[in-house]
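> Dropping in my_file_2.tsv, with TSV, C-alpha atoms.
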```tsv
chain	number	residue	atom	x	y	z
A	187	ALA	CA	264.36	158.59	107.29
A	188	GLN	CA	267.43	158.56	105.13
A	189	SER	CA	267.37	156.18	102.22
A	190	VAL	CA	269.30	155.24	99.12
A	191	SER	CA	267.59	154.17	95.92
A	192	GLN	CA	269.20	152.21	93.14
A	193	HIS	CA	266.79	152.27	90.26
A	194	ASN	CA	267.77	149.10	88.46
A	195	HIS	CA	267.98	145.79	90.27
A	196	HIS	CA	269.27	143.94	87.21
A	197	VAL	CA	271.16	145.26	84.21
A	198	ILE	CA	272.31	143.15	81.27
A	199	LEU	CA	274.77	144.61	78.77
A	200	SER	CA	277.01	143.39	76.01
A	201	GLU	CA	280.76	143.87	76.18
A	202	ALA	CA	281.91	147.34	75.09
A	203	ALA	CA	278.54	148.91	75.91
A	204	SER	CA	278.46	151.99	78.10
A	205	LEU	CA	277.20	151.71	81.65
A	206	GLU	CA	275.33	154.05	83.93
A	207	LEU	CA	273.89	152.85	87.23
A	208	GLY	CA	271.63	155.24	89.07
A	209	CYS	CA	271.84	156.12	92.75
A	210	ASN	CA	269.71	158.67	94.57
A	211	TYR	CA	269.72	159.46	98.25
A	212	SER	CA	267.38	161.33	100.54
A	213	TYR	CA	269.26	163.65	102.87
A	214	GLY	CA	269.61	167.38	102.63
A	215	GLY	CA	272.85	167.86	104.52
A	216	THR	CA	276.47	167.04	103.84
A	217	VAL	CA	276.97	163.49	102.67
A	218	ASN	CA	279.83	161.15	101.95
A	219	LEU	CA	279.09	158.82	99.05
A	220	PHE	CA	280.44	155.43	98.09
A	221	TRP	CA	280.13	152.76	95.44
A	222	TYR	CA	281.08	149.25	96.43
A	223	VAL	CA	281.35	146.20	94.19
A	224	GLN	CA	280.88	142.53	94.98
A	225	TYR	CA	282.28	140.14	92.39
A	226	PRO	CA	280.78	136.64	92.33
A	227	GLY	CA	281.91	134.68	95.37
A	228	GLN	CA	283.94	137.55	96.78
A	229	HIS	CA	283.52	140.12	99.51
A	230	LEU	CA	282.54	143.73	98.97
A	231	GLN	CA	285.26	146.15	98.04
A	232	LEU	CA	285.36	149.88	97.57
A	233	LEU	CA	285.07	151.08	93.98
A	234	LEU	CA	285.16	154.82	94.59
A	235	LYS	CA	284.15	157.47	97.09
A	236	TYR	CA	283.22	161.14	97.24
A	237	PHE	CA	283.79	163.35	100.26
A	238	SER	CA	284.23	166.83	98.79
A	239	GLY	CA	285.83	168.73	95.92
A	240	ASP	CA	285.53	167.74	92.27
A	241	PRO	CA	282.11	166.13	91.87
A	242	LEU	CA	283.45	163.80	89.18
A	243	VAL	CA	285.22	161.00	90.98
A	244	LYS	CA	287.38	158.38	89.34
A	245	GLY	CA	287.71	154.94	90.83
A	246	ILE	CA	289.37	151.65	90.07
A	247	LYS	CA	288.98	149.67	86.85
A	248	GLY	CA	287.87	152.65	84.76
A	249	PHE	CA	284.76	153.47	86.79
A	250	GLU	CA	283.71	156.99	87.61
A	251	ALA	CA	280.80	158.63	89.38
A	252	GLU	CA	279.34	162.10	89.35
A	253	PHE	CA	277.87	163.77	92.40
A	254	ILE	CA	275.01	166.10	91.47
A	255	LYS	CA	273.90	167.80	94.65
A	256	SER	CA	270.79	169.39	93.15
A	257	LYS	CA	269.54	165.98	92.06
A	258	PHE	CA	270.69	164.08	95.18
A	259	SER	CA	272.38	161.66	92.82
A	260	PHE	CA	275.66	159.79	92.59
A	261	ASN	CA	275.48	157.77	89.38
A	262	LEU	CA	278.17	155.26	88.46
A	263	ARG	CA	279.50	155.19	84.89
A	264	LYS	CA	281.91	153.28	82.73
A	265	PRO	CA	282.39	154.05	79.01
A	266	SER	CA	283.01	150.47	77.90
A	267	VAL	CA	282.25	147.46	80.09
A	268	GLN	CA	284.05	144.15	80.10
A	269	TRP	CA	282.87	140.65	80.93
A	270	SER	CA	284.89	140.89	84.16
A	271	ASP	CA	282.66	143.74	85.32
A	272	THR	CA	279.91	141.22	86.02
A	273	ALA	CA	279.15	141.83	89.69
A	274	GLU	CA	276.71	143.41	92.08
A	275	TYR	CA	277.12	147.13	92.69
A	276	PHE	CA	276.05	148.93	95.83
A	277	CYS	CA	275.67	152.63	96.43
A	278	ALA	CA	276.04	153.81	100.04
A	279	VAL	CA	275.76	157.11	101.86
A	280	ILE	CA	277.01	158.33	105.23
A	281	ALA	CA	274.92	161.11	106.63
A	282	ARG	CA	275.81	160.65	110.28
A	283	ASN	CA	278.82	159.03	111.89
A	284	TYR	CA	278.93	155.25	111.90
A	285	GLN	CA	275.76	154.79	109.90
A	286	LEU	CA	276.20	153.74	106.31
A	287	ILE	CA	272.90	153.64	104.44
A	288	TRP	CA	272.97	151.13	101.58
A	289	GLY	CA	271.04	150.84	98.39
A	290	ALA	CA	269.49	147.49	97.48
A	291	GLY	CA	272.17	146.79	94.91
A	292	THR	CA	272.25	146.38	91.13
A	293	LYS	CA	273.26	143.07	89.60
A	294	LEU	CA	275.19	143.70	86.41
A	295	ILE	CA	275.62	140.91	83.88
A	296	ILE	CA	277.93	141.43	80.94
A	297	LYS	CA	277.38	139.14	77.97
A	298	PRO	CA	280.62	138.18	76.21
B	292	ASN	CA	298.10	140.34	106.07
B	293	ALA	CA	294.82	138.47	106.67
B	294	GLY	CA	292.53	141.53	106.88
B	295	VAL	CA	289.05	140.65	108.14
B	296	THR	CA	288.48	136.95	108.80
B	297	GLN	CA	285.05	135.44	109.34
B	298	THR	CA	284.22	131.93	110.48
B	299	PRO	CA	282.40	129.79	109.66
B	300	LYS	CA	281.78	130.43	105.96
B	301	PHE	CA	278.71	128.22	105.94
B	302	GLN	CA	276.38	127.07	108.73
B	303	VAL	CA	273.05	125.31	108.92
B	304	LEU	CA	271.04	125.61	112.12
B	305	LYS	CA	267.71	124.37	113.36
B	306	THR	CA	265.18	126.81	114.72
B	307	GLY	CA	265.95	127.61	118.35
B	308	GLN	CA	269.64	126.74	118.23
B	309	SER	CA	272.24	129.30	119.19
B	310	MET	CA	275.58	129.98	117.58
B	311	THR	CA	278.34	132.54	117.29
B	312	LEU	CA	279.77	133.99	114.10
B	313	GLN	CA	283.38	134.94	114.62
B	314	CYS	CA	285.04	138.02	113.19
B	315	ALA	CA	288.67	138.98	113.64
B	316	GLN	CA	290.77	141.71	112.07
B	317	ASP	CA	294.51	142.19	112.27
B	318	MET	CA	294.65	145.81	111.09
B	319	ASN	CA	294.17	147.42	114.52
B	320	HIS	CA	290.91	148.99	113.34
B	321	GLU	CA	288.81	150.72	115.96
B	322	TYR	CA	285.47	150.45	114.17
B	323	MET	CA	283.88	147.06	113.51
B	324	SER	CA	280.40	146.18	112.37
B	325	TRP	CA	278.10	143.35	111.37
B	326	TYR	CA	275.76	143.49	108.39
B	327	ARG	CA	273.29	141.08	106.95
B	328	GLN	CA	272.72	140.93	103.22
B	329	ASP	CA	269.39	139.79	101.87
B	330	PRO	CA	268.30	139.69	98.22
B	331	GLY	CA	266.83	142.99	97.05
B	332	MET	CA	267.51	144.69	100.39
B	333	GLY	CA	271.18	145.59	100.25
B	334	LEU	CA	273.11	145.53	103.49
B	335	ARG	CA	271.52	146.25	106.84
B	336	LEU	CA	273.53	147.11	109.91
B	337	ILE	CA	273.00	144.77	112.87
B	338	HIS	CA	275.47	146.02	115.49
B	339	TYR	CA	278.62	148.05	115.49
B	340	SER	CA	281.48	148.96	117.78
B	341	VAL	CA	283.67	152.06	117.82
B	342	GLY	CA	286.27	150.49	120.08
B	343	ALA	CA	286.95	147.79	122.65
B	344	GLY	CA	284.25	147.74	125.30
B	345	ILE	CA	281.81	149.84	123.24
B	346	THR	CA	278.96	148.44	121.17
B	347	ASP	CA	275.75	149.86	119.80
B	348	GLN	CA	272.71	148.74	117.87
B	349	GLY	CA	272.23	149.23	114.20
B	350	GLU	CA	269.12	149.00	112.06
B	351	VAL	CA	268.17	145.35	112.75
B	352	PRO	CA	269.61	144.28	116.14
B	353	ASN	CA	266.80	142.03	117.39
B	354	GLY	CA	267.85	138.43	117.93
B	355	TYR	CA	271.56	139.22	117.92
B	356	ASN	CA	274.12	140.04	120.59
B	357	VAL	CA	277.67	141.33	120.25
B	358	SER	CA	280.61	142.05	122.49
B	359	ARG	CA	283.98	143.71	121.94
B	360	SER	CA	286.43	142.63	124.59
B	361	THR	CA	289.45	143.21	122.36
B	362	THR	CA	290.21	145.47	119.39
B	363	GLU	CA	290.69	142.43	117.17
B	364	ASP	CA	287.52	140.42	117.77
B	365	PHE	CA	283.84	141.18	117.31
B	366	PRO	CA	281.69	138.04	117.58
B	367	LEU	CA	278.01	138.00	116.65
B	368	ARG	CA	275.76	135.72	118.67
B	369	LEU	CA	272.42	134.38	117.57
B	370	LEU	CA	270.55	133.62	120.75
B	371	SER	CA	267.71	131.48	119.37
B	372	ALA	CA	267.90	131.12	115.62
B	373	ALA	CA	264.81	131.76	113.51
B	374	PRO	CA	264.22	131.13	109.78
B	375	SER	CA	264.07	134.93	109.31
B	376	GLN	CA	267.76	135.01	110.22
B	377	THR	CA	268.68	133.01	107.14
B	378	SER	CA	271.03	135.41	105.40
B	379	VAL	CA	274.59	136.19	104.46
B	380	TYR	CA	276.45	137.97	107.25
B	381	PHE	CA	279.36	140.31	106.68
B	382	CYS	CA	281.76	141.70	109.20
B	383	ALA	CA	283.48	144.96	108.30
B	384	SER	CA	286.04	147.26	109.88
B	385	THR	CA	287.58	150.67	109.34
B	386	PRO	CA	290.54	152.34	111.07
B	387	ARG	CA	288.80	155.05	113.04
B	388	ASP	CA	286.08	157.28	111.74
B	389	LEU	CA	283.69	155.84	109.19
B	390	ASN	CA	283.37	159.26	107.58
B	391	THR	CA	287.00	159.34	106.57
B	392	GLY	CA	287.59	155.96	105.12
B	393	GLU	CA	286.38	152.82	103.54
B	394	LEU	CA	285.06	149.63	105.05
B	395	PHE	CA	287.09	146.45	104.81
B	396	PHE	CA	284.83	143.44	104.55
B	397	GLY	CA	285.24	139.81	105.44
B	398	GLU	CA	284.25	137.14	102.94
B	399	GLY	CA	280.88	136.53	104.51
B	400	SER	CA	279.14	133.77	106.45
B	401	ARG	CA	276.16	132.11	104.83
B	402	LEU	CA	273.66	131.00	107.48
B	403	THR	CA	270.61	128.84	106.86
B	404	VAL	CA	268.05	128.32	109.61
B	405	LEU	CA	265.65	125.44	109.06
```
Could you quickly redo this structure as structure tokens?


Amino acid sequence: AQSVSQHNHHVILSEAASLELGCNYSYGGTVNLFWYVQYPGQHLQLLLKYFSGDPLVKGIKGFEAEFIKSKFSFNLRKPSVQWSDTAEYFCAVIARNYQLIWGAGTKLIIKP
Amino acid sequence: NAGVTQTPKFQVLKTGQSMTLQCAQDMNHEYMSWYRQDPGMGLRLIHYSVGAGITDQGEVPNGYNVSRSTTEDFPLRLLSAAPSQTSVYFCASTPRDLNTGELFFGEGSRLTVL
């Protein structure tokens, strides 16, 4: 069965630290990959997505993610986090139409 | 533009009661879906619809019913609530093909079943 693994359930960083959140998926075929973010008290919103082309994808608010096909990974990065980045981050994969497979989420807390 | 609207935002039920979570979108999206979000488990798909009159089961459909009589509305019915259905429920939509776009989420409905 297809699955998505997010390695860290909780991450605590200080402001200006660099961020990398891991995401691995289990599916050998063509995939579409997403990172969503849920700020406290708000609904989920799309951070970035990868369908094809350049494996380094840039999203909103300075986030980027790199698709490494050989490692089945789509890690999220940000060079310098801010307090406002405190949120829960979800990785998701589409391997077949209409079925998004979600990771369990990573709660990120940024200390001011 | 309201986007995806869910009601109610909060609900407390007793075991065995039934209720309907409402979801409406004003973006003329063909695809609509219901997820439940539980701590440490991410989002799990309950039911989805690719257009009016068409619905299908997701990963965790038991105990829930849906219908799609119009493009705009996609209500989720709990037939006989159980404590295991305590969760946060999200409705989401996308214009046509999930592969080509992003999901637009409602603000969620927090349900507690006692």

> Using all atoms listed in the file, which protein or nucleic acid residues come within 12 Å of Gly227 (chain A)? Drop anything in the same chain fewer than 2 positions from it, and give the result as a list in words.

Val223, Gln224, Tyr225, His229, Leu230, Thr272, Ala273 and Glu274 of chain A; Lys300, Val379, Gly397, Glu398, Gly399, Ser400 and Arg401 of chain B

> Near region 349-358 of chain B, counting all atoms listed in the file, which residues have an atom at most 6 Å away, once you skip same-chain residues fewer than 5 positions from it, shown as a list of chain:residue names?

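Skipping anything fewer than 5 positions along the chain leaves B:Leu336, B:Ile337, B:His338, B:Pro366, B:Leu367, B:Arg368, B:Leu369.
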
> Could you turn the residues from that selection into a file that holds C-alpha atoms, as a CSV table (one decimal), in the coordinates of the input?


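For reference, selection_21.csv as written:
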```csv
chain,number,residue,atom,x,y,z
B,336,LEU,CA,273.5,147.1,109.9
B,337,ILE,CA,273.0,144.8,112.9
B,338,HIS,CA,275.5,146.0,115.5
B,366,PRO,CA,281.7,138.0,117.6
B,367,LEU,CA,278.0,138.0,116.6
B,368,ARG,CA,275.8,135.7,118.7
B,369,LEU,CA,272.4,134.4,117.6
```

> Taking (270.4, 151.4, 89.4) in the file's coordinates as the center, which residues reach within 10 Å of it, counting all atoms listed in the file, put as a list of chain:residue names?

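Here is the list of nearby residues: A:Ser191, A:Gln192, A:His193, A:Asn194, A:His195, A:His196, A:Val197, A:Glu206, A:Leu207, A:Gly208, A:Cys209, A:Asn210, A:Asn261, A:Leu262, A:Tyr275, A:Phe276, A:Cys277, A:Gly289, A:Ala290, A:Gly291, A:Thr292, A:Lys293, A:Leu294.
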
> Go ahead and compute the interatomic distance for CA of Ala278 (chain A) and CA of Ala202 (chain A), in Å to one decimal.

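Distance between the two atoms: 26.4 Å.
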
> Go ahead and compute the interatomic distance for CA of Pro226 (chain A) and CA of Thr385 (chain B), in Å to one decimal.

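According to the coordinates, CA of Pro226 (chain A) and CA of Thr385 (chain B) are separated by 23.1 Å.
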
> Pick from B:Ile345, B:Ala315, B:Val404, B:Leu334: nearest to Ser384 (chain B), with all atoms listed in the file counted?

B:Ala315

> Taking only C-alpha atoms into account, name the residue in A:Gln188, A:Ser200, A:Gln268, A:Ser256 that is nearest to chain B.

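Selected residue with least distance to chain B: A:Gln188.
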
> Residues of chain B near chain A: apply a cut-off of 10 Å, count all atoms listed in the file, and supply the list as an NGL selection string.

:B and (322-324 or 328-336 or 339-341 or 349-350 or 381-383 or 387-399)

> In Å, rounded to a single decimal, give me how far CA of Leu304 (chain B) is from CA of Ser371 (chain B).

9.9 Å

> Determine the nearest neighbour of Glu250 (chain A) from the options A:Trp221, A:Ala203, A:Trp269, A:Ser189, counting only C-alpha atoms.

A:Trp221

> Kindly list the centre and edge lengths in Å, rounded to one decimal, for the axis-aligned box that covers all listed atoms of region 267-280 of chain A plus 8 Å on each of its six sides, as JSON.


```
{"center_x": 280.3, "center_y": 149.5, "center_z": 92.7, "size_x": 25.2, "size_y": 33.7, "size_z": 41.1}
```

> Closest to Gly245 (chain A) among A:Lys264, A:Lys257, A:Ser204, A:Leu199, using only C-alpha atoms?

A:Lys264

> Taking only C-alpha atoms into account, which of A:Ile246, A:Ser270, A:Ser259, A:Ile254 comes nearest Ser212 (chain A)?

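Closest candidate: A:Ser259.
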